[in-house]
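Everything below belongs to entry.cif, which stores mmCIF, C-alpha atoms.
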data_input
loop_
_atom_site.label_atom_id
_atom_site.label_comp_id
_atom_site.auth_asym_id
_atom_site.auth_seq_id
_atom_site.Cartn_x
_atom_site.Cartn_y
_atom_site.Cartn_z
CA MET A 1078 -0.91 20.00 16.21
CA ARG A 1079 1.48 22.13 18.19
CA HIS A 1080 0.13 21.38 21.62
CA HIS A 1081 -0.19 17.61 21.16
CA LEU A 1082 2.92 16.86 23.15
CA ILE A 1083 2.41 13.10 23.30
CA LEU A 1084 1.87 12.82 19.54
CA ARG A 1085 4.96 14.88 18.82
CA VAL A 1086 7.21 12.92 21.17
CA ILE A 1087 5.93 9.53 20.05
CA THR A 1088 6.23 10.49 16.38
CA LYS A 1089 9.83 11.53 16.91
CA LEU A 1090 10.44 8.22 18.66
CA ILE A 1091 8.83 5.88 16.14
CA ALA A 1092 9.46 7.57 12.78
CA PRO A 1093 13.13 6.42 12.57
CA PRO A 1094 12.31 2.77 13.47
CA ILE A 1095 9.54 2.80 10.85
CA ILE A 1096 12.04 3.89 8.20
CA LEU A 1097 14.53 1.30 9.41
CA PHE A 1098 11.84 -1.37 9.23
CA ALA A 1099 10.97 -0.25 5.70
CA LEU A 1100 14.60 -0.70 4.67
CA TYR A 1101 14.62 -4.14 6.30
CA VAL A 1102 11.46 -5.16 4.45
CA GLN A 1103 12.98 -3.79 1.25
CA PHE A 1104 16.33 -5.55 1.33
CA HIS A 1105 15.32 -8.68 3.22
CA GLY A 1106 12.39 -9.37 0.91
CA ASP A 1107 14.22 -12.26 -0.71
CA TYR A 1108 14.32 -14.11 2.58
CA SER A 1109 11.26 -13.02 4.53
CA PRO A 1110 7.80 -11.67 3.76
CA GLY A 1111 7.84 -8.30 2.12
CA GLY A 1112 9.37 -6.64 -0.86
CA GLY A 1113 9.49 -3.36 -2.68
CA PHE A 1114 5.79 -2.61 -2.58
CA GLN A 1115 5.34 -3.10 1.15
CA ALA A 1116 8.62 -1.36 1.93
CA GLY A 1117 7.65 1.64 -0.17
CA VAL A 1118 4.31 1.96 1.57
CA ILE A 1119 5.91 1.69 5.03
CA PHE A 1120 8.54 4.28 4.12
CA ALA A 1121 5.84 6.63 2.87
CA ALA A 1122 3.84 6.03 6.06
CA ALA A 1123 6.76 7.30 8.15
CA LEU A 1124 7.03 10.48 6.08
CA ILE A 1125 3.27 11.05 6.06
CA LEU A 1126 3.09 10.54 9.83
CA PHE A 1127 5.84 13.11 10.21
CA GLY A 1128 3.97 15.44 7.88
CA ILE A 1129 0.68 15.11 9.73
CA VAL A 1130 2.19 15.81 13.13
CA PHE A 1131 4.86 18.38 12.32
CA GLY A 1132 3.30 20.07 9.32
CA LEU A 1133 3.64 19.83 5.58
CA ARG A 1134 6.36 22.45 5.43
CA LYS A 1135 8.82 20.45 7.48
CA VAL A 1136 8.33 17.19 5.63
CA LYS A 1137 8.65 19.05 2.33
CA ARG A 1138 12.05 20.20 3.51
CA VAL A 1139 13.06 16.55 3.94
CA LEU A 1140 11.65 15.45 0.59
CA PRO A 1141 10.89 18.39 -1.71
CA PRO A 1142 8.00 17.93 -4.16
CA TRP A 1143 10.15 18.39 -7.26
CA LEU A 1144 12.33 15.50 -6.09
CA VAL A 1145 9.34 13.27 -5.28
CA ILE A 1146 7.97 13.08 -8.80
CA ARG A 1147 11.44 12.65 -10.30
CA LEU A 1148 12.21 9.80 -7.90
CA ALA A 1149 8.92 8.11 -8.83
CA ALA A 1150 9.91 8.20 -12.49
CA PHE A 1151 13.40 7.02 -11.54
CA GLY A 1152 11.95 3.98 -9.75
CA VAL A 1153 9.97 2.92 -12.81
CA LEU A 1154 13.00 3.53 -15.02
CA LEU A 1155 15.21 1.48 -12.68
CA TYR A 1156 12.85 -1.44 -13.12
CA GLY A 1157 12.63 -1.05 -16.87
CA GLY A 1158 16.36 -0.33 -17.11
CA THR A 1159 17.19 -3.63 -15.43
CA GLY A 1160 15.18 -5.35 -18.14
CA VAL A 1161 16.94 -3.37 -20.86
CA VAL A 1162 20.36 -4.28 -19.43
CA SER A 1163 19.53 -7.98 -19.65
CA LEU A 1164 18.32 -7.29 -23.17
CA PHE A 1165 21.72 -5.84 -24.11
CA VAL A 1166 23.59 -8.78 -22.61
CA GLY A 1167 21.74 -11.04 -24.99
CA LYS A 1168 18.88 -12.56 -22.99
CA SER A 1169 15.24 -11.60 -23.12
CA PHE A 1170 13.71 -8.56 -21.39
CA LEU A 1171 13.75 -8.90 -17.57
CA ASP A 1172 15.68 -12.19 -17.67
CA TYR A 1173 18.01 -11.50 -14.76
CA SER A 1174 20.14 -14.59 -15.34
CA ALA A 1175 22.12 -12.45 -17.77
CA LEU A 1176 23.21 -9.96 -15.12
CA ALA A 1177 26.04 -12.04 -13.62
CA SER A 1178 28.25 -14.91 -14.65
CA TYR A 1179 26.19 -17.34 -12.56
CA PRO A 1180 22.46 -17.33 -13.35
CA LYS A 1181 21.51 -17.58 -9.66
CA ASP A 1182 23.64 -14.53 -8.79
CA GLY A 1183 22.10 -12.70 -11.72
CA GLN A 1184 18.62 -13.52 -10.46
CA HIS A 1185 19.55 -12.18 -7.02
CA TYR A 1186 20.96 -8.92 -8.38
CA GLY A 1187 18.04 -8.50 -10.74
CA ILE A 1188 15.44 -9.07 -8.04
CA ILE A 1189 17.17 -6.63 -5.69
CA ALA A 1190 17.36 -4.01 -8.46
CA VAL A 1191 13.75 -4.27 -9.55
CA GLU A 1192 12.48 -4.42 -5.96
CA LEU A 1193 14.44 -1.25 -5.25
CA GLY A 1194 12.78 0.32 -8.27
CA VAL A 1195 9.34 -0.72 -7.04
CA GLY A 1196 10.12 0.52 -3.53
CA ILE A 1197 11.30 3.95 -4.67
CA ALA A 1198 8.38 4.34 -7.05
CA VAL A 1199 5.72 3.28 -4.54
CA ALA A 1200 7.12 5.35 -1.66
CA THR A 1201 7.40 8.53 -3.70
CA VAL A 1202 4.04 8.03 -5.40
CA MET A 1203 2.33 7.72 -2.01
CA VAL A 1204 4.13 10.81 -0.75
CA ALA A 1205 3.24 12.68 -3.96
CA ILE A 1206 -0.44 11.83 -3.56
CA TYR A 1207 -0.29 12.89 0.09
CA TYR A 1208 1.35 16.20 -0.88
CA ALA A 1209 -1.28 16.77 -3.55
CA PHE A 1210 -4.12 16.24 -1.08
CA ALA A 1211 -2.60 17.95 1.91
CA SER A 1212 -1.44 21.03 -0.02
CA ARG A 1213 -5.00 21.86 -0.95
CA THR A 1214 -6.60 21.65 2.45
CA PRO A 1215 -6.56 24.20 5.19
CA ARG A 1216 -5.18 22.90 8.45
CA ILE A 1217 -8.00 21.14 10.28
CA ASN A 1218 -8.92 22.48 13.69
CA ASP A 1219 -8.39 20.04 16.51
CA GLU A 1220 -12.03 20.34 17.55
CA ASP A 1221 -13.22 19.17 14.14
CA TRP A 1222 -11.61 15.75 14.27
CA MET B 1007 -8.39 -23.83 16.76
CA ASP B 1008 -7.95 -22.33 13.28
CA VAL B 1009 -11.67 -22.54 12.70
CA LEU B 1010 -12.36 -20.74 15.96
CA ILE B 1011 -9.90 -17.94 15.09
CA ASN B 1012 -11.44 -17.59 11.63
CA LEU B 1013 -14.94 -17.46 13.08
CA VAL B 1014 -13.96 -14.77 15.59
CA LEU B 1015 -12.23 -12.72 12.89
CA PHE B 1016 -15.20 -13.00 10.52
CA ALA B 1017 -17.60 -12.07 13.31
CA MET B 1018 -15.53 -9.01 14.13
CA MET B 1019 -15.40 -8.03 10.44
CA VAL B 1020 -19.19 -8.28 10.17
CA ALA B 1021 -19.56 -6.24 13.36
CA THR B 1022 -17.19 -3.60 11.96
CA ALA B 1023 -19.11 -3.47 8.69
CA LEU B 1024 -22.41 -3.03 10.52
CA ALA B 1025 -20.90 -0.31 12.67
CA ILE B 1026 -19.66 1.48 9.52
CA LEU B 1027 -23.21 1.31 8.11
CA ARG B 1028 -24.70 2.94 11.20
CA MET B 1029 -22.08 5.68 11.63
CA ARG B 1030 -22.71 9.18 10.38
CA ARG B 1031 -19.42 10.77 11.41
CA LEU B 1032 -17.03 10.06 8.56
CA PHE B 1033 -13.94 10.27 10.76
CA ALA B 1034 -15.11 7.24 12.71
CA VAL B 1035 -16.07 5.50 9.46
CA VAL B 1036 -12.55 5.96 8.07
CA MET B 1037 -11.02 4.61 11.28
CA LEU B 1038 -13.35 1.60 11.25
CA ALA B 1039 -12.46 0.94 7.61
CA GLY B 1040 -8.85 0.77 8.77
CA VAL B 1041 -9.89 -1.68 11.48
CA PHE B 1042 -11.66 -3.75 8.83
CA SER B 1043 -8.46 -3.88 6.75
CA LEU B 1044 -6.44 -4.89 9.78
CA LEU B 1045 -8.88 -7.71 10.56
CA SER B 1046 -8.68 -9.02 7.00
CA ALA B 1047 -4.89 -8.84 7.27
CA LEU B 1048 -5.14 -11.09 10.33
CA LEU B 1049 -7.34 -13.42 8.30
CA PHE B 1050 -4.61 -13.62 5.64
CA VAL B 1051 -2.10 -14.47 8.35
CA THR B 1052 -4.20 -17.42 9.46
CA LEU B 1053 -4.26 -18.51 5.80
CA ASP B 1054 -0.42 -18.39 5.78
CA ALA B 1055 -0.48 -15.66 3.13
CA VAL B 1056 1.93 -13.44 5.04
CA ASP B 1057 2.98 -11.32 2.07
CA VAL B 1058 -0.62 -10.48 1.26
CA ALA B 1059 -1.34 -9.75 4.92
CA PHE B 1060 1.62 -7.42 4.97
CA THR B 1061 0.36 -5.52 1.96
CA GLU B 1062 -3.18 -5.36 3.30
CA ALA B 1063 -2.01 -3.99 6.65
CA ALA B 1064 0.32 -1.42 5.10
CA VAL B 1065 -1.93 -0.27 2.25
CA GLY B 1066 -5.43 -0.93 3.53
CA ALA B 1067 -5.02 0.08 7.13
CA GLY B 1068 -2.17 2.56 6.70
CA ILE B 1069 -1.97 4.59 3.53
CA SER B 1070 -5.58 4.44 2.39
CA THR B 1071 -6.78 5.55 5.83
CA VAL B 1072 -4.51 8.59 5.58
CA LEU B 1073 -5.66 9.35 2.04
CA MET B 1074 -9.30 9.00 3.09
CA LEU B 1075 -8.64 11.45 5.92
CA GLY B 1076 -7.06 13.81 3.38
CA THR B 1077 -10.07 13.49 1.11
CA MET B 1078 -12.43 14.00 4.04
CA ALA B 1079 -10.62 17.19 4.97
CA LEU B 1080 -11.30 18.44 1.42
CA THR B 1081 -14.99 17.65 1.55
CA SER B 1082 -17.42 17.06 4.39
CA ARG B 1083 -17.07 15.35 7.75
CA GLU B 1084 -20.68 14.28 8.13
CA GLU B 1085 -22.60 11.84 6.01
CA LYS B 1086 -25.81 13.32 4.62
CA MET B 1087 -28.96 11.59 5.80
CA PRO B 1088 -30.91 10.07 2.91
CA ARG B 1089 -34.20 11.91 2.51
CA LYS B 1090 -36.35 8.92 1.77
CA PHE B 1091 -35.93 5.15 1.79
CA SER B 1092 -35.00 3.82 -1.64
CA PRO B 1093 -35.19 0.06 -2.21
CA LEU B 1094 -32.90 -0.07 -5.27
CA PRO B 1095 -29.50 -0.10 -3.48
CA LEU B 1096 -30.71 -2.76 -1.05
CA LEU B 1097 -31.93 -4.86 -3.98
CA VAL B 1098 -28.61 -4.49 -5.82
CA VAL B 1099 -26.64 -5.46 -2.71
CA CYS B 1100 -28.83 -8.50 -2.03
CA ILE B 1101 -28.64 -9.73 -5.62
CA THR B 1102 -24.85 -9.21 -5.76
CA GLY B 1103 -24.43 -11.07 -2.48
CA ALA B 1104 -26.61 -13.95 -3.65
CA VAL B 1105 -24.64 -14.20 -6.92
CA LEU B 1106 -21.34 -14.19 -5.02
CA ILE B 1107 -22.53 -16.94 -2.68
CA TYR B 1108 -23.80 -18.91 -5.69
CA GLY B 1109 -20.35 -18.50 -7.23
CA THR B 1110 -18.66 -20.07 -4.23
CA LEU B 1111 -20.70 -23.29 -4.65
CA ASP B 1112 -18.41 -24.32 -7.53
CA MET B 1113 -15.23 -23.70 -5.60
CA PRO B 1114 -13.23 -26.59 -4.14
CA SER B 1115 -13.66 -27.01 -0.42
CA PHE B 1116 -11.32 -25.05 1.86
CA GLY B 1117 -7.81 -26.51 2.01
CA SER B 1118 -8.61 -29.29 -0.47
CA ALA B 1119 -5.51 -30.97 -1.92
CA GLN B 1120 -7.31 -31.40 -5.24
CA SER B 1121 -7.98 -27.69 -5.75
CA PRO B 1122 -6.39 -26.05 -8.83
CA ALA B 1123 -4.31 -23.85 -6.52
CA GLN B 1124 -2.49 -26.96 -5.30
CA THR B 1125 -2.31 -29.02 -8.46
CA HIS B 1126 -1.80 -26.48 -11.25
CA VAL B 1127 1.48 -24.53 -11.61
CA ALA B 1128 2.07 -23.80 -7.92
CA ALA B 1129 3.84 -27.10 -7.31
CA GLN B 1130 6.16 -26.47 -10.25
CA TYR B 1131 7.03 -23.00 -8.98
CA LEU B 1132 7.80 -24.35 -5.51
CA GLU B 1133 10.03 -27.00 -7.04
CA ARG B 1134 11.83 -24.80 -9.56
CA THR B 1135 12.40 -21.62 -7.56
CA PRO B 1136 15.38 -22.89 -5.48
CA LYS B 1137 17.04 -24.27 -8.63
CA ASP B 1138 16.35 -21.26 -10.88
CA THR B 1139 16.83 -18.33 -8.56
CA GLY B 1140 18.04 -19.53 -5.15
CA VAL B 1141 15.69 -17.06 -3.50
CA PRO B 1142 14.16 -18.54 -0.33
CA ASN B 1143 10.97 -16.45 -0.47
CA VAL B 1144 9.08 -17.99 -3.37
CA VAL B 1145 6.55 -15.14 -3.43
CA THR B 1146 9.30 -12.63 -4.12
CA ALA B 1147 10.84 -14.87 -6.78
CA ILE B 1148 7.51 -15.24 -8.57
CA LEU B 1149 6.63 -11.55 -8.30
CA ALA B 1150 9.97 -10.13 -9.34
CA SER B 1151 11.42 -12.79 -11.61
CA TYR B 1152 8.92 -15.23 -13.12
CA ARG B 1153 6.20 -12.60 -13.29
CA GLY B 1154 8.52 -9.65 -13.81
CA TYR B 1155 6.39 -8.27 -16.63
CA ASP B 1156 3.30 -8.15 -14.43
CA THR B 1157 5.13 -6.40 -11.61
CA PHE B 1158 6.58 -3.92 -14.08
CA GLY B 1159 3.06 -3.21 -15.25
CA GLU B 1160 1.91 -2.74 -11.65
CA THR B 1161 4.72 -0.29 -10.96
CA VAL B 1162 3.75 1.69 -14.04
CA VAL B 1163 0.12 1.67 -12.86
CA VAL B 1164 1.17 3.07 -9.46
CA PHE B 1165 3.21 5.75 -11.22
CA THR B 1166 0.25 6.55 -13.45
CA ALA B 1167 -1.89 6.99 -10.33
CA ALA B 1168 0.48 9.66 -9.07
CA VAL B 1169 0.50 11.39 -12.45
CA GLY B 1170 -3.29 11.28 -12.57
CA VAL B 1171 -3.68 12.74 -9.08
CA LEU B 1172 -1.15 15.46 -9.76
CA ILE B 1173 -2.87 16.43 -13.00
CA LEU B 1174 -6.33 16.38 -11.41
CA ILE B 1175 -5.76 18.19 -8.13
CA GLY B 1176 -2.51 19.95 -8.74
CA GLY B 1177 1.02 19.72 -7.63
CA PHE B 1178 2.74 20.76 -10.82
CA ALA B 1179 1.29 24.25 -10.70
CA ARG B 1180 3.04 26.54 -8.27
CA ARG B 1181 0.32 27.64 -5.90
CA ARG B 1182 0.36 29.30 -2.55
CA ASP B 1183 0.90 26.73 0.17
CA PRO B 1184 -1.66 27.24 2.93
CA GLU B 1185 0.92 26.29 5.55
CA GLU B 1186 3.67 28.44 4.13
CA GLY B 1187 2.54 31.38 6.19
CA ASP B 1188 2.27 29.36 9.37
CA ALA B 1189 4.83 30.19 11.99
CA ASP B 1190 5.68 26.88 13.63
#

Rewrite the structure from the file as structure tokens, please.
Amino acid sequence: MRHHLILRVITKLIAPPIILFALYVQFHGDYSPGGGFQAGVIFAAALILFGIVFGLRKVKRVLPPWLVIRLAAFGVLLYGGTGVVSLFVGKSFLDYSALASYPKDGQHYGIIAVELGVGIAVATVMVAIYYAFASRTPRINDEDW
Amino acid sequence: MDVLINLVLFAMMVATALAILRMRRLFAVVMLAGVFSLLSALLFVTLDAVDVAFTEAAVGAGISTVLMLGTMALTSREEKMPRKFSPLPLLVVCITGAVLIYGTLDMPSFGSAQSPAQTHVAAQYLERTPKDTGVPNVVTAILASYRGYDTFGETVVVFTAAVGVLILIGGFARRRDPEEGDAD
């Protein structure tokens, strides 16, 4: 899409706000609509948009494929690990009240941790699926769209 | 006013669905499917289910449209014309639709205070969440804390999807990237 000047300029303009919005949805999910799942999808959308307009090679330089699949596993492990931590403190699996001296604080920390896990996992899984599809296809001619 | 908005949204969804049926160019079909998702997201907003609307807009209209485009690029961009009229799919669709409508006859009327959604556990959750967790967004509290096991399972399912796709159509194997040679 080299000659699509408008697409390139607009993508450069809106990709950073999309990522910022994803972070807002991620970390403000306790107070407003949203959470890890939505944030992950929005984050992935920014990267995929960048990839579509500027080419797979450039987005792979930002987020290399070997890192993507490891981060996806890390997200799931972060979720499970939070549960295991509460298990070691003496409460049941995924009972976040154990994570701090006050149960309400513990719940807050636990929710933030698991939502972060969900967000990382979802974002990287979406990007991984996009990589898998886009790596196989030849670049589509503009006339074919 | 709400009824009017709902009617307009439903009418637009039906129009979109009919347009999808008539289209042969799959690019337009994918775009219209995104429009359909966006309309249903608006419908969720009018139902005050903002979290669901958010997910629908991000996943249905955003990511799945992109993935459909990716799939389309791998296969064909035109729908094949059916060679002859076959009544079986029409019959299946009609029967399924009739069964679904029959199923709604048992449901409580829209917005009824006596419906199980209002009287069952929802009230308890609304009451207990501020005391238990102090999280203002009850949806997040239920998803991440009360139903933490379920959400963990969902995350694992999403991860499994990535693993499945990578095993099926590659990603682990080091293959020549078609864009690697591009000079841009």

Practice problem: Fewer than 4 positions away in the same chain doesn't count, so skip those; otherwise give me all residues within 7 Å of Ala1092 of chain A, counting all atoms listed in the file, as an NGL selection string. | Solution: :A and (1088 or 1096 or 1123)

Exercise. Quick one: everything within 12 Å of segment 1165-1167 of chain B, counting all atoms listed in the file, minus sequence neighbours fewer than 6 positions away in the same chain. Send it as a PyMOL selection string.
Key: (chain A and resi 1145-1154+1194-1206+1209) or (chain B and resi 1158-1159+1173-1174)

Quiz item: For chain B against chain A, which residues fall within 7 Å using all atoms listed in the file, given as number ranges by chain?
Solution: B: 1033, 1056-1057, 1060-1061, 1064-1065, 1068-1069, 1073, 1076-1077, 1079-1080, 1138-1143, 1146, 1150-1151, 1154, 1158, 1161-1162, 1164-1165, 1168, 1171-1172, 1175-1177, 1183-1186

Self-check item: Residue neighbourhood Ile1087 of chain A, 12 Å, all atoms listed in the file, exclusion window fewer than 6 positions, as JSON, numbers by chain
Solution: {"A": [1081, 1093, 1094, 1095, 1126, 1127, 1130, 1131]}

Exercise. Please evaluate the PyMOL selection byres ((chain B and resi 1067) around 10) against the displayed coordinates and give the resulting residues as a PyMOL selection string.
Key: chain B and resi 1036-1047+1061-1066+1068-1072

Quiz prompt | One-decimal distance in Å that lies between atom CA of Val1099 of chain B and atom CA of Met1029 of chain B | solution = 18.7 Å

Quiz item: Once the PyMOL selection byres ((chain B and resi 1032) around 7) has been applied to the shown file, what residues remain in the selection, as a list in words?
Solution: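 Applying the expression gives Arg1030, Arg1031, Phe1033, Ala1034, Val1035, Val1036, Arg1083, Glu1084 and Glu1085 of chain B.
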
Practice problem: Tell me, in Å to one decimal, how far atom CA of Ala1104 of chain B is from atom CA of Leu1027 of chain B. | Solution: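 So the two atoms, atom CA of Ala1104 of chain B and atom CA of Leu1027 of chain B, lie 19.6 Å apart.
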
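Atom to atom, atom CA of Leu1024 of chain B and atom CA of Gly1117 of chain B stand 28.9 Å apart.
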
Quiz prompt | 10 Å contact set for segment 1130-1132 of chain B, all atoms listed in the file, chain neighbours under 3 positions out, as a ChimeraX atom specification | solution = /B:1124-1127,1135-1138,1143-1145,1147-1148,1152
